[in-house]
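Structure data follow from upload-v4.tsv (TSV, N, CA and C atoms):
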chain	number	residue	atom	x	y	z
A	1	MET	N	-11.26	2.66	74.01
A	1	MET	CA	-11.72	1.93	72.90
A	1	MET	C	-11.09	2.48	71.60
A	2	VAL	N	-10.79	1.56	70.70
A	2	VAL	CA	-10.12	1.94	69.46
A	2	VAL	C	-11.18	2.27	68.42
A	3	ASP	N	-11.01	3.46	67.83
A	3	ASP	CA	-11.94	3.88	66.79
A	3	ASP	C	-11.35	3.50	65.43
A	4	TYR	N	-11.80	2.34	64.93
A	4	TYR	CA	-11.26	1.84	63.67
A	4	TYR	C	-11.66	2.71	62.48
A	5	ALA	N	-12.81	3.29	62.52
A	5	ALA	CA	-13.27	4.14	61.43
A	5	ALA	C	-12.38	5.37	61.32
A	6	GLU	N	-12.05	5.97	62.44
A	6	GLU	CA	-11.19	7.15	62.43
A	6	GLU	C	-9.80	6.77	61.96
A	7	GLU	N	-9.31	5.64	62.40
A	7	GLU	CA	-7.97	5.18	61.97
A	7	GLU	C	-7.97	4.91	60.46
A	8	ALA	N	-9.02	4.33	59.93
A	8	ALA	CA	-9.12	4.07	58.49
A	8	ALA	C	-9.16	5.39	57.72
A	9	ARG	N	-9.91	6.41	58.27
A	9	ARG	CA	-9.95	7.72	57.61
A	9	ARG	C	-8.57	8.36	57.61
A	10	GLN	N	-7.84	8.23	58.71
A	10	GLN	CA	-6.48	8.80	58.77
A	10	GLN	C	-5.56	8.10	57.78
A	11	LEU	N	-5.65	6.77	57.70
A	11	LEU	CA	-4.83	6.03	56.73
A	11	LEU	C	-5.19	6.42	55.30
A	12	ALA	N	-6.47	6.60	55.03
A	12	ALA	CA	-6.91	7.00	53.69
A	12	ALA	C	-6.42	8.41	53.38
A	13	ALA	N	-6.48	9.31	54.34
A	13	ALA	CA	-6.00	10.67	54.13
A	13	ALA	C	-4.49	10.67	53.88
A	14	GLU	N	-3.76	9.89	54.67
A	14	GLU	CA	-2.30	9.79	54.47
A	14	GLU	C	-1.98	9.19	53.11
A	15	ASN	N	-2.75	8.17	52.74
A	15	ASN	CA	-2.57	7.54	51.44
A	15	ASN	C	-2.85	8.56	50.32
A	16	GLN	N	-3.91	9.34	50.47
A	16	GLN	CA	-4.27	10.36	49.49
A	16	GLN	C	-3.18	11.41	49.38
A	17	ARG	N	-2.63	11.84	50.54
A	17	ARG	CA	-1.56	12.84	50.55
A	17	ARG	C	-0.33	12.31	49.83
A	18	ARG	N	0.07	11.07	50.14
A	18	ARG	CA	1.26	10.49	49.49
A	18	ARG	C	1.02	10.29	48.00
A	19	MET	N	-0.19	9.85	47.62
A	19	MET	CA	-0.52	9.67	46.22
A	19	MET	C	-0.45	11.00	45.48
A	20	SER	N	-0.91	12.05	46.11
A	20	SER	CA	-0.86	13.38	45.51
A	20	SER	C	0.59	13.82	45.31
A	21	LEU	N	1.45	13.55	46.29
A	21	LEU	CA	2.87	13.88	46.17
A	21	LEU	C	3.52	13.10	45.03
A	22	LEU	N	3.19	11.82	44.94
A	22	LEU	CA	3.75	11.00	43.86
A	22	LEU	C	3.28	11.48	42.49
A	23	LEU	N	2.00	11.82	42.38
A	23	LEU	CA	1.48	12.33	41.11
A	23	LEU	C	2.14	13.65	40.73
A	24	ASP	N	2.35	14.52	41.71
A	24	ASP	CA	3.05	15.78	41.46
A	24	ASP	C	4.48	15.52	40.99
A	25	GLU	N	5.13	14.55	41.63
A	25	GLU	CA	6.51	14.21	41.25
A	25	GLU	C	6.55	13.63	39.84
A	26	ILE	N	5.59	12.76	39.51
A	26	ILE	CA	5.54	12.19	38.17
A	26	ILE	C	5.29	13.28	37.13
A	27	GLN	N	4.41	14.22	37.44
A	27	GLN	CA	4.14	15.32	36.51
A	27	GLN	C	5.39	16.17	36.31
A	28	ALA	N	6.12	16.45	37.39
A	28	ALA	CA	7.36	17.23	37.27
A	28	ALA	C	8.39	16.49	36.42
A	29	ILE	N	8.49	15.17	36.62
A	29	ILE	CA	9.43	14.37	35.82
A	29	ILE	C	9.02	14.40	34.35
A	30	ASN	N	7.73	14.27	34.07
A	30	ASN	CA	7.25	14.32	32.69
A	30	ASN	C	7.55	15.66	32.04
A	31	GLU	N	7.34	16.74	32.77
A	31	GLU	CA	7.63	18.07	32.24
A	31	GLU	C	9.13	18.23	31.97
A	32	GLN	N	9.94	17.74	32.90
A	32	GLN	CA	11.40	17.83	32.73
A	32	GLN	C	11.84	16.99	31.53
A	33	THR	N	11.25	15.81	31.37
A	33	THR	CA	11.59	14.94	30.24
A	33	THR	C	11.19	15.60	28.92
A	34	ALA	N	10.02	16.21	28.89
A	34	ALA	CA	9.57	16.91	27.68
A	34	ALA	C	10.50	18.07	27.34
A	35	ALA	N	10.92	18.82	28.35
A	35	ALA	CA	11.83	19.94	28.11
A	35	ALA	C	13.17	19.43	27.60
A	36	THR	N	13.66	18.37	28.21
A	36	THR	CA	14.93	17.79	27.76
A	36	THR	C	14.81	17.26	26.33
A	37	GLY	N	13.68	16.65	26.01
A	37	GLY	CA	13.44	16.16	24.65
A	37	GLY	C	13.42	17.29	23.64
A	38	ARG	N	12.78	18.41	23.99
A	38	ARG	CA	12.77	19.57	23.09
A	38	ARG	C	14.17	20.12	22.89
A	39	GLU	N	14.94	20.22	23.99
A	39	GLU	CA	16.32	20.69	23.88
A	39	GLU	C	17.14	19.77	23.00
A	40	PHE	N	16.97	18.47	23.19
A	40	PHE	CA	17.70	17.50	22.39
A	40	PHE	C	17.33	17.63	20.92
A	41	ALA	N	16.04	17.76	20.62
A	41	ALA	CA	15.58	17.90	19.23
A	41	ALA	C	16.13	19.18	18.61
A	42	ASP	N	16.12	20.27	19.37
A	42	ASP	CA	16.67	21.53	18.84
A	42	ASP	C	18.17	21.40	18.58
A	43	ARG	N	18.88	20.77	19.50
A	43	ARG	CA	20.33	20.60	19.34
A	43	ARG	C	20.61	19.67	18.16
A	44	LEU	N	19.82	18.62	18.02
A	44	LEU	CA	20.00	17.70	16.90
A	44	LEU	C	19.74	18.40	15.57
A	45	THR	N	18.70	19.21	15.52
A	45	THR	CA	18.40	19.96	14.29
A	45	THR	C	19.55	20.90	13.94
A	46	ALA	N	20.07	21.59	14.94
A	46	ALA	CA	21.19	22.50	14.70
A	46	ALA	C	22.42	21.73	14.23
A	47	ASP	N	22.69	20.59	14.86
A	47	ASP	CA	23.85	19.78	14.45
A	47	ASP	C	23.69	19.27	13.03
A	48	MET	N	22.48	18.83	12.68
A	48	MET	CA	22.24	18.34	11.32
A	48	MET	C	22.37	19.46	10.30
A	49	ASP	N	21.87	20.64	10.63
A	49	ASP	CA	22.02	21.78	9.73
A	49	ASP	C	23.50	22.10	9.52
A	50	GLU	N	24.26	22.07	10.60
A	50	GLU	CA	25.71	22.34	10.50
A	50	GLU	C	26.39	21.26	9.65
A	51	PHE	N	26.00	20.00	9.88
A	51	PHE	CA	26.59	18.90	9.11
A	51	PHE	C	26.32	19.08	7.63
A	52	TRP	N	25.05	19.35	7.27
A	52	TRP	CA	24.71	19.52	5.86
A	52	TRP	C	25.43	20.72	5.26
A	53	ALA	N	25.57	21.78	6.05
A	53	ALA	CA	26.26	22.96	5.54
A	53	ALA	C	27.73	22.67	5.26
A	54	THR	N	28.36	21.90	6.13
A	54	THR	CA	29.80	21.64	5.96
A	54	THR	C	30.08	20.50	4.98
A	55	HIS	N	29.16	19.54	4.85
A	55	HIS	CA	29.43	18.37	4.02
A	55	HIS	C	28.60	18.30	2.75
A	56	ALA	N	27.78	19.27	2.49
A	56	ALA	CA	26.91	19.21	1.31
A	56	ALA	C	27.73	19.10	0.02
A	57	GLU	N	28.80	19.89	-0.07
A	57	GLU	CA	29.63	19.86	-1.27
A	57	GLU	C	30.26	18.47	-1.46
A	58	ASN	N	30.75	17.90	-0.37
A	58	ASN	CA	31.35	16.56	-0.46
A	58	ASN	C	30.31	15.52	-0.87
A	59	LEU	N	29.11	15.63	-0.34
A	59	LEU	CA	28.06	14.67	-0.68
A	59	LEU	C	27.65	14.79	-2.15
A	60	VAL	N	27.56	16.02	-2.64
A	60	VAL	CA	27.21	16.22	-4.04
A	60	VAL	C	28.31	15.65	-4.93
A	61	ARG	N	29.56	15.90	-4.55
A	61	ARG	CA	30.70	15.40	-5.32
A	61	ARG	C	30.70	13.86	-5.30
A	62	ALA	N	30.46	13.27	-4.15
A	62	ALA	CA	30.43	11.81	-4.04
A	62	ALA	C	29.30	11.22	-4.88
A	63	ALA	N	28.15	11.88	-4.88
A	63	ALA	CA	27.03	11.40	-5.69
A	63	ALA	C	27.37	11.47	-7.18
A	64	ALA	N	28.04	12.55	-7.59
A	64	ALA	CA	28.43	12.69	-9.00
A	64	ALA	C	29.45	11.61	-9.37
A	65	GLU	N	30.40	11.35	-8.48
A	65	GLU	CA	31.40	10.31	-8.75
A	65	GLU	C	30.73	8.94	-8.85
A	66	ALA	N	29.78	8.67	-7.97
A	66	ALA	CA	29.08	7.38	-8.00
A	66	ALA	C	28.30	7.23	-9.30
A	67	GLU	N	27.67	8.30	-9.75
A	67	GLU	CA	26.93	8.27	-11.01
A	67	GLU	C	27.88	8.02	-12.18
A	68	GLU	N	29.04	8.67	-12.16
A	68	GLU	CA	30.03	8.48	-13.21
A	68	GLU	C	30.54	7.03	-13.22
A	69	GLN	N	30.79	6.46	-12.03
A	69	GLN	CA	31.23	5.07	-11.94
A	69	GLN	C	30.16	4.13	-12.50
A	70	ARG	N	28.91	4.40	-12.15
A	70	ARG	CA	27.82	3.57	-12.67
A	70	ARG	C	27.75	3.64	-14.19
A	71	ARG	N	27.89	4.84	-14.73
A	71	ARG	CA	27.85	5.02	-16.18
A	71	ARG	C	29.00	4.28	-16.85
A	72	LEU	N	30.21	4.38	-16.27
A	72	LEU	CA	31.36	3.69	-16.83
A	72	LEU	C	31.18	2.17	-16.77
A	73	GLN	N	30.60	1.68	-15.69
A	73	GLN	CA	30.35	0.23	-15.58
A	73	GLN	C	29.35	-0.22	-16.63
A	74	GLU	N	28.32	0.58	-16.85
A	74	GLU	CA	27.33	0.23	-17.87
A	74	GLU	C	27.98	0.21	-19.25
A	75	GLU	N	28.83	1.20	-19.55
A	75	GLU	CA	29.51	1.22	-20.83
A	75	GLU	C	30.41	0.00	-20.99
A	76	ALA	N	31.14	-0.36	-19.93
A	76	ALA	CA	32.01	-1.53	-19.99
A	76	ALA	C	31.19	-2.79	-20.22
A	77	GLN	N	30.05	-2.91	-19.56
A	77	GLN	CA	29.19	-4.08	-19.76
A	77	GLN	C	28.67	-4.13	-21.20
A	78	GLU	N	28.30	-2.97	-21.73
A	78	GLU	CA	27.84	-2.93	-23.12
A	78	GLU	C	28.95	-3.34	-24.08
A	79	GLN	N	30.18	-2.88	-23.82
A	79	GLN	CA	31.31	-3.26	-24.68
A	79	GLN	C	31.57	-4.76	-24.58
A	80	HIS	N	31.54	-5.30	-23.37
A	80	HIS	CA	31.76	-6.74	-23.21
A	80	HIS	C	30.68	-7.54	-23.94
A	81	ALA	N	29.46	-7.08	-23.86
A	81	ALA	CA	28.36	-7.77	-24.55
A	81	ALA	C	28.55	-7.69	-26.06
A	82	ALA	N	28.98	-6.52	-26.56
A	82	ALA	CA	29.21	-6.36	-28.00
A	82	ALA	C	30.35	-7.27	-28.46
A	83	ILE	N	31.40	-7.35	-27.68
A	83	ILE	CA	32.53	-8.23	-28.02
A	83	ILE	C	32.07	-9.68	-28.03
A	84	ALA	N	31.29	-10.07	-27.03
A	84	ALA	CA	30.79	-11.45	-26.96
A	84	ALA	C	29.90	-11.76	-28.17
A	85	ARG	N	29.05	-10.81	-28.55
A	85	ARG	CA	28.20	-11.03	-29.73
A	85	ARG	C	29.04	-11.16	-30.99
A	86	SER	N	30.06	-10.32	-31.11
A	86	SER	CA	30.94	-10.35	-32.27
A	86	SER	C	31.67	-11.69	-32.35
A	87	MET	N	32.21	-12.15	-31.22
A	87	MET	CA	32.93	-13.44	-31.20
A	87	MET	C	31.97	-14.58	-31.54
A	88	ALA	N	30.76	-14.53	-31.03
A	88	ALA	CA	29.79	-15.58	-31.33
A	88	ALA	C	29.44	-15.58	-32.82
A	89	ALA	N	29.31	-14.40	-33.40
A	89	ALA	CA	29.00	-14.32	-34.83
A	89	ALA	C	30.16	-14.86	-35.66
A	90	ARG	N	31.39	-14.54	-35.26
A	90	ARG	CA	32.55	-15.06	-35.99
A	90	ARG	C	32.61	-16.58	-35.90
A	91	ARG	N	32.37	-17.12	-34.68
A	91	ARG	CA	32.39	-18.57	-34.51
A	91	ARG	C	31.28	-19.23	-35.34
A	92	ALA	N	30.13	-18.60	-35.39
A	92	ALA	CA	29.01	-19.17	-36.14
A	92	ALA	C	29.32	-19.18	-37.64
A	93	ASN	N	30.02	-18.15	-38.12
A	93	ASN	CA	30.34	-18.07	-39.55
A	93	ASN	C	31.56	-18.91	-39.90
A	94	ARG	N	32.35	-19.30	-38.93
A	94	ARG	CA	33.56	-20.08	-39.18
A	94	ARG	C	33.21	-21.52	-39.54
A	95	THR	N	32.22	-22.08	-38.92
A	95	THR	CA	31.83	-23.46	-39.17
A	95	THR	C	30.73	-23.48	-40.22
A	96	VAL	N	31.09	-24.06	-41.36
A	96	VAL	CA	30.13	-24.12	-42.47
A	96	VAL	C	29.82	-25.59	-42.72
A	97	ALA	N	28.58	-25.90	-42.75
A	97	ALA	CA	28.17	-27.28	-43.04
A	97	ALA	C	28.03	-27.44	-44.54
A	98	PRO	N	28.63	-28.50	-45.10
A	98	PRO	CA	28.47	-28.72	-46.54
A	98	PRO	C	27.01	-28.97	-46.88
A	99	VAL	N	26.69	-28.64	-48.08
A	99	VAL	CA	25.31	-28.78	-48.53
A	99	VAL	C	24.91	-30.25	-48.48
A	100	ASP	N	25.89	-31.13	-48.75
A	100	ASP	CA	25.58	-32.55	-48.76
A	100	ASP	C	25.07	-33.04	-47.40
A	101	GLU	N	25.57	-32.46	-46.31
A	101	GLU	CA	25.15	-32.91	-44.99
A	101	GLU	C	23.69	-32.59	-44.71
A	102	GLU	N	23.20	-31.58	-45.36
A	102	GLU	CA	21.80	-31.22	-45.17
A	102	GLU	C	20.89	-32.04	-46.09
A	103	ASP	N	21.47	-32.65	-47.12
A	103	ASP	CA	20.68	-33.42	-48.09
A	103	ASP	C	20.35	-34.78	-47.50
A	104	GLU	N	19.07	-35.14	-47.50
A	104	GLU	CA	18.66	-36.42	-46.94
A	104	GLU	C	19.13	-37.59	-47.80
A	105	GLU	N	19.22	-37.40	-49.10
A	105	GLU	CA	19.63	-38.48	-49.99
A	105	GLU	C	21.14	-38.61	-50.04
A	106	ALA	N	21.88	-37.65	-49.50
A	106	ALA	CA	23.34	-37.69	-49.56
A	106	ALA	C	23.89	-38.85	-48.77
A	107	ALA	N	23.22	-39.27	-47.73
A	107	ALA	CA	23.69	-40.41	-46.94
A	107	ALA	C	23.78	-41.66	-47.82
A	108	PHE	N	22.86	-41.77	-48.74
A	108	PHE	CA	22.89	-42.92	-49.65
A	108	PHE	C	24.17	-42.93	-50.47
A	109	TYR	N	24.61	-41.79	-50.94
A	109	TYR	CA	25.78	-41.70	-51.81
A	109	TYR	C	27.09	-41.69	-51.00
A	110	ARG	N	27.04	-41.41	-49.72
A	110	ARG	CA	28.25	-41.35	-48.91
A	110	ARG	C	28.52	-42.65	-48.18
A	111	ARG	N	27.79	-43.66	-48.41
A	111	ARG	CA	27.98	-44.90	-47.68
A	111	ARG	C	29.34	-45.52	-48.05
A	112	LYS	N	29.89	-46.29	-47.14
A	112	LYS	CA	31.24	-46.83	-47.30
A	112	LYS	C	31.26	-48.00	-48.28
A	113	SER	N	30.23	-48.75	-48.25
A	113	SER	CA	30.22	-49.91	-49.16
A	113	SER	C	29.00	-49.83	-50.05
A	114	TRP	N	29.24	-50.16	-51.34
A	114	TRP	CA	28.14	-50.14	-52.26
A	114	TRP	C	27.52	-51.53	-52.39
A	115	LEU	N	28.07	-52.46	-51.63
A	115	LEU	CA	27.51	-53.80	-51.65
A	115	LEU	C	26.31	-53.85	-50.74
A	116	ILE	N	25.26	-54.30	-51.23
A	116	ILE	CA	24.04	-54.31	-50.42
A	116	ILE	C	23.84	-55.64	-49.77

Structure encoded using structure tokens:
Amino acid sequence: MVDYAEEARQLAAENQRRMSLLLDEIQAINEQTAATGREFADRLTADMDEFWATHAENLVRAAAEAEEQRRLQEEAQEQHAAIARSMAARRANRTVAPVDEEDEEAAFYRRKSWLI
């Protein structure tokens, strides 16, 4: 006679054993991944420190040049604006309207025909 209860207990025990092995393997993989992540972070930190040490002077120089370019552009824009204002003022002063054109009664005296 087949003892189904015993067979189920054996299957459950085998399942438990395999599950335990898988959990151990997952834990080992997690530990290895964490160690690799720490090594990577340490190596990245060292590489970044080396990069900043070797390129800090170039970066400071580039930042200073960029600031100088920005300042020069602002000065050029200010000069262009001043020139434009000056030209506009000259144009405004060049055209003078006669006093008669502003006079409302002047139209009466400027008419072409005096015949009504």

Rounded to one decimal in Å, what is the spacing between atom N of A:Ala28 and atom CA of A:Asp47?
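Atom-to-atom, atom N of A:Ala28 and atom CA of A:Asp47 are spaced 29.2 Å apart.
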
Between atom CA of A:Asp49 and atom CA of A:Ala34, what is the spacing in Å?
22.4 Å

One decimal, in Å: what's the spacing between atom C of A:Glu57 and atom CA of A:Gln69?
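Result for atom C of A:Glu57 versus atom CA of A:Gln69: 17.0 Å, one decimal.
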
If I only have part of stretch 40-51 of chain A, can you fill in all heavy atoms and write it as a PDB file, in the coordinates of the input?
ATOM      1  N   PHE A  40      16.970  18.470  23.190  1.00  0.00           N
ATOM      2  CA  PHE A  40      17.700  17.500  22.390  1.00  0.00           C
ATOM      3  C   PHE A  40      17.330  17.630  20.920  1.00  0.00           C
ATOM      4  O   PHE A  40      18.196  17.612  20.034  1.00  0.00           O
ATOM      5  CB  PHE A  40      17.415  16.086  22.884  1.00  0.00           C
ATOM      6  CG  PHE A  40      18.097  15.031  22.073  1.00  0.00           C
ATOM      7  CD1 PHE A  40      19.463  14.818  22.193  1.00  0.00           C
ATOM      8  CD2 PHE A  40      17.372  14.244  21.184  1.00  0.00           C
ATOM      9  CE1 PHE A  40      20.095  13.848  21.445  1.00  0.00           C
ATOM     10  CE2 PHE A  40      18.000  13.278  20.432  1.00  0.00           C
ATOM     11  CZ  PHE A  40      19.359  13.070  20.556  1.00  0.00           C
ATOM     12  N   ALA A  41      16.040  17.760  20.620  1.00  0.00           N
ATOM     13  CA  ALA A  41      15.580  17.900  19.230  1.00  0.00           C
ATOM     14  C   ALA A  41      16.130  19.180  18.610  1.00  0.00           C
ATOM     15  O   ALA A  41      16.581  19.174  17.451  1.00  0.00           O
ATOM     16  CB  ALA A  41      14.056  17.891  19.177  1.00  0.00           C
ATOM     17  N   ASP A  42      16.120  20.270  19.370  1.00  0.00           N
ATOM     18  CA  ASP A  42      16.670  21.530  18.840  1.00  0.00           C
ATOM     19  C   ASP A  42      18.170  21.400  18.580  1.00  0.00           C
ATOM     20  O   ASP A  42      18.663  21.848  17.534  1.00  0.00           O
ATOM     21  CB  ASP A  42      16.415  22.674  19.837  1.00  0.00           C
ATOM     22  CG  ASP A  42      14.938  23.018  19.953  1.00  0.00           C
ATOM     23  OD1 ASP A  42      14.162  22.621  19.059  1.00  0.00           O
ATOM     24  OD2 ASP A  42      14.567  23.677  20.952  1.00  0.00           O
ATOM     25  N   ARG A  43      18.880  20.770  19.500  1.00  0.00           N
ATOM     26  CA  ARG A  43      20.330  20.600  19.340  1.00  0.00           C
ATOM     27  C   ARG A  43      20.610  19.670  18.160  1.00  0.00           C
ATOM     28  O   ARG A  43      21.526  19.924  17.365  1.00  0.00           O
ATOM     29  CB  ARG A  43      20.929  20.036  20.630  1.00  0.00           C
ATOM     30  CG  ARG A  43      22.441  20.081  20.660  1.00  0.00           C
ATOM     31  CD  ARG A  43      23.032  19.769  22.035  1.00  0.00           C
ATOM     32  NE  ARG A  43      22.492  18.530  22.585  1.00  0.00           N
ATOM     33  CZ  ARG A  43      21.881  18.426  23.766  1.00  0.00           C
ATOM     34  NH1 ARG A  43      21.733  19.490  24.530  1.00  0.00           N
ATOM     35  NH2 ARG A  43      21.434  17.270  24.196  1.00  0.00           N
ATOM     36  N   LEU A  44      19.820  18.620  18.020  1.00  0.00           N
ATOM     37  CA  LEU A  44      20.000  17.700  16.900  1.00  0.00           C
ATOM     38  C   LEU A  44      19.740  18.400  15.570  1.00  0.00           C
ATOM     39  O   LEU A  44      20.493  18.226  14.604  1.00  0.00           O
ATOM     40  CB  LEU A  44      19.053  16.505  17.041  1.00  0.00           C
ATOM     41  CG  LEU A  44      19.118  15.457  15.928  1.00  0.00           C
ATOM     42  CD1 LEU A  44      20.490  14.807  15.891  1.00  0.00           C
ATOM     43  CD2 LEU A  44      18.038  14.418  16.132  1.00  0.00           C
ATOM     44  N   THR A  45      18.700  19.210  15.520  1.00  0.00           N
ATOM     45  CA  THR A  45      18.400  19.960  14.290  1.00  0.00           C
ATOM     46  C   THR A  45      19.550  20.900  13.940  1.00  0.00           C
ATOM     47  O   THR A  45      19.959  20.989  12.780  1.00  0.00           O
ATOM     48  CB  THR A  45      17.095  20.759  14.468  1.00  0.00           C
ATOM     49  OG1 THR A  45      16.040  19.852  14.794  1.00  0.00           O
ATOM     50  CG2 THR A  45      16.737  21.518  13.204  1.00  0.00           C
ATOM     51  N   ALA A  46      20.070  21.590  14.940  1.00  0.00           N
ATOM     52  CA  ALA A  46      21.190  22.500  14.700  1.00  0.00           C
ATOM     53  C   ALA A  46      22.420  21.730  14.230  1.00  0.00           C
ATOM     54  O   ALA A  46      23.106  22.157  13.291  1.00  0.00           O
ATOM     55  CB  ALA A  46      21.508  23.286  15.975  1.00  0.00           C
ATOM     56  N   ASP A  47      22.690  20.590  14.860  1.00  0.00           N
ATOM     57  CA  ASP A  47      23.850  19.780  14.450  1.00  0.00           C
ATOM     58  C   ASP A  47      23.690  19.270  13.030  1.00  0.00           C
ATOM     59  O   ASP A  47      24.644  19.255  12.246  1.00  0.00           O
ATOM     60  CB  ASP A  47      24.052  18.606  15.408  1.00  0.00           C
ATOM     61  CG  ASP A  47      24.554  19.043  16.778  1.00  0.00           C
ATOM     62  OD1 ASP A  47      24.983  20.217  16.918  1.00  0.00           O
ATOM     63  OD2 ASP A  47      24.500  18.211  17.712  1.00  0.00           O
ATOM     64  N   MET A  48      22.480  18.830  12.680  1.00  0.00           N
ATOM     65  CA  MET A  48      22.240  18.340  11.320  1.00  0.00           C
ATOM     66  C   MET A  48      22.370  19.460  10.300  1.00  0.00           C
ATOM     67  O   MET A  48      22.938  19.266   9.216  1.00  0.00           O
ATOM     68  CB  MET A  48      20.867  17.690  11.218  1.00  0.00           C
ATOM     69  CG  MET A  48      20.762  16.351  11.917  1.00  0.00           C
ATOM     70  SD  MET A  48      21.964  15.132  11.344  1.00  0.00           S
ATOM     71  CE  MET A  48      21.445  14.903   9.669  1.00  0.00           C
ATOM     72  N   ASP A  49      21.870  20.640  10.630  1.00  0.00           N
ATOM     73  CA  ASP A  49      22.020  21.780   9.730  1.00  0.00           C
ATOM     74  C   ASP A  49      23.500  22.100   9.520  1.00  0.00           C
ATOM     75  O   ASP A  49      23.935  22.367   8.387  1.00  0.00           O
ATOM     76  CB  ASP A  49      21.290  23.006  10.276  1.00  0.00           C
ATOM     77  CG  ASP A  49      19.773  22.855  10.206  1.00  0.00           C
ATOM     78  OD1 ASP A  49      19.297  21.972   9.459  1.00  0.00           O
ATOM     79  OD2 ASP A  49      19.077  23.612  10.907  1.00  0.00           O
ATOM     80  N   GLU A  50      24.260  22.070  10.600  1.00  0.00           N
ATOM     81  CA  GLU A  50      25.710  22.340  10.500  1.00  0.00           C
ATOM     82  C   GLU A  50      26.390  21.260   9.650  1.00  0.00           C
ATOM     83  O   GLU A  50      27.234  21.562   8.801  1.00  0.00           O
ATOM     84  CB  GLU A  50      26.326  22.369  11.898  1.00  0.00           C
ATOM     85  CG  GLU A  50      27.820  22.623  11.889  1.00  0.00           C
ATOM     86  CD  GLU A  50      28.409  22.577  13.283  1.00  0.00           C
ATOM     87  OE1 GLU A  50      27.661  22.663  14.266  1.00  0.00           O
ATOM     88  OE2 GLU A  50      29.639  22.437  13.385  1.00  0.00           O
ATOM     89  N   PHE A  51      26.000  20.000   9.880  1.00  0.00           N
ATOM     90  CA  PHE A  51      26.590  18.900   9.110  1.00  0.00           C
ATOM     91  C   PHE A  51      26.320  19.080   7.630  1.00  0.00           C
ATOM     92  O   PHE A  51      27.222  18.947   6.797  1.00  0.00           O
ATOM     93  CB  PHE A  51      26.023  17.560   9.593  1.00  0.00           C
ATOM     94  CG  PHE A  51      26.445  16.396   8.745  1.00  0.00           C
ATOM     95  CD1 PHE A  51      27.680  15.807   8.947  1.00  0.00           C
ATOM     96  CD2 PHE A  51      25.608  15.903   7.755  1.00  0.00           C
ATOM     97  CE1 PHE A  51      28.075  14.735   8.165  1.00  0.00           C
ATOM     98  CE2 PHE A  51      25.998  14.839   6.974  1.00  0.00           C
ATOM     99  CZ  PHE A  51      27.230  14.252   7.177  1.00  0.00           C
TER     100      PHE A  51
END
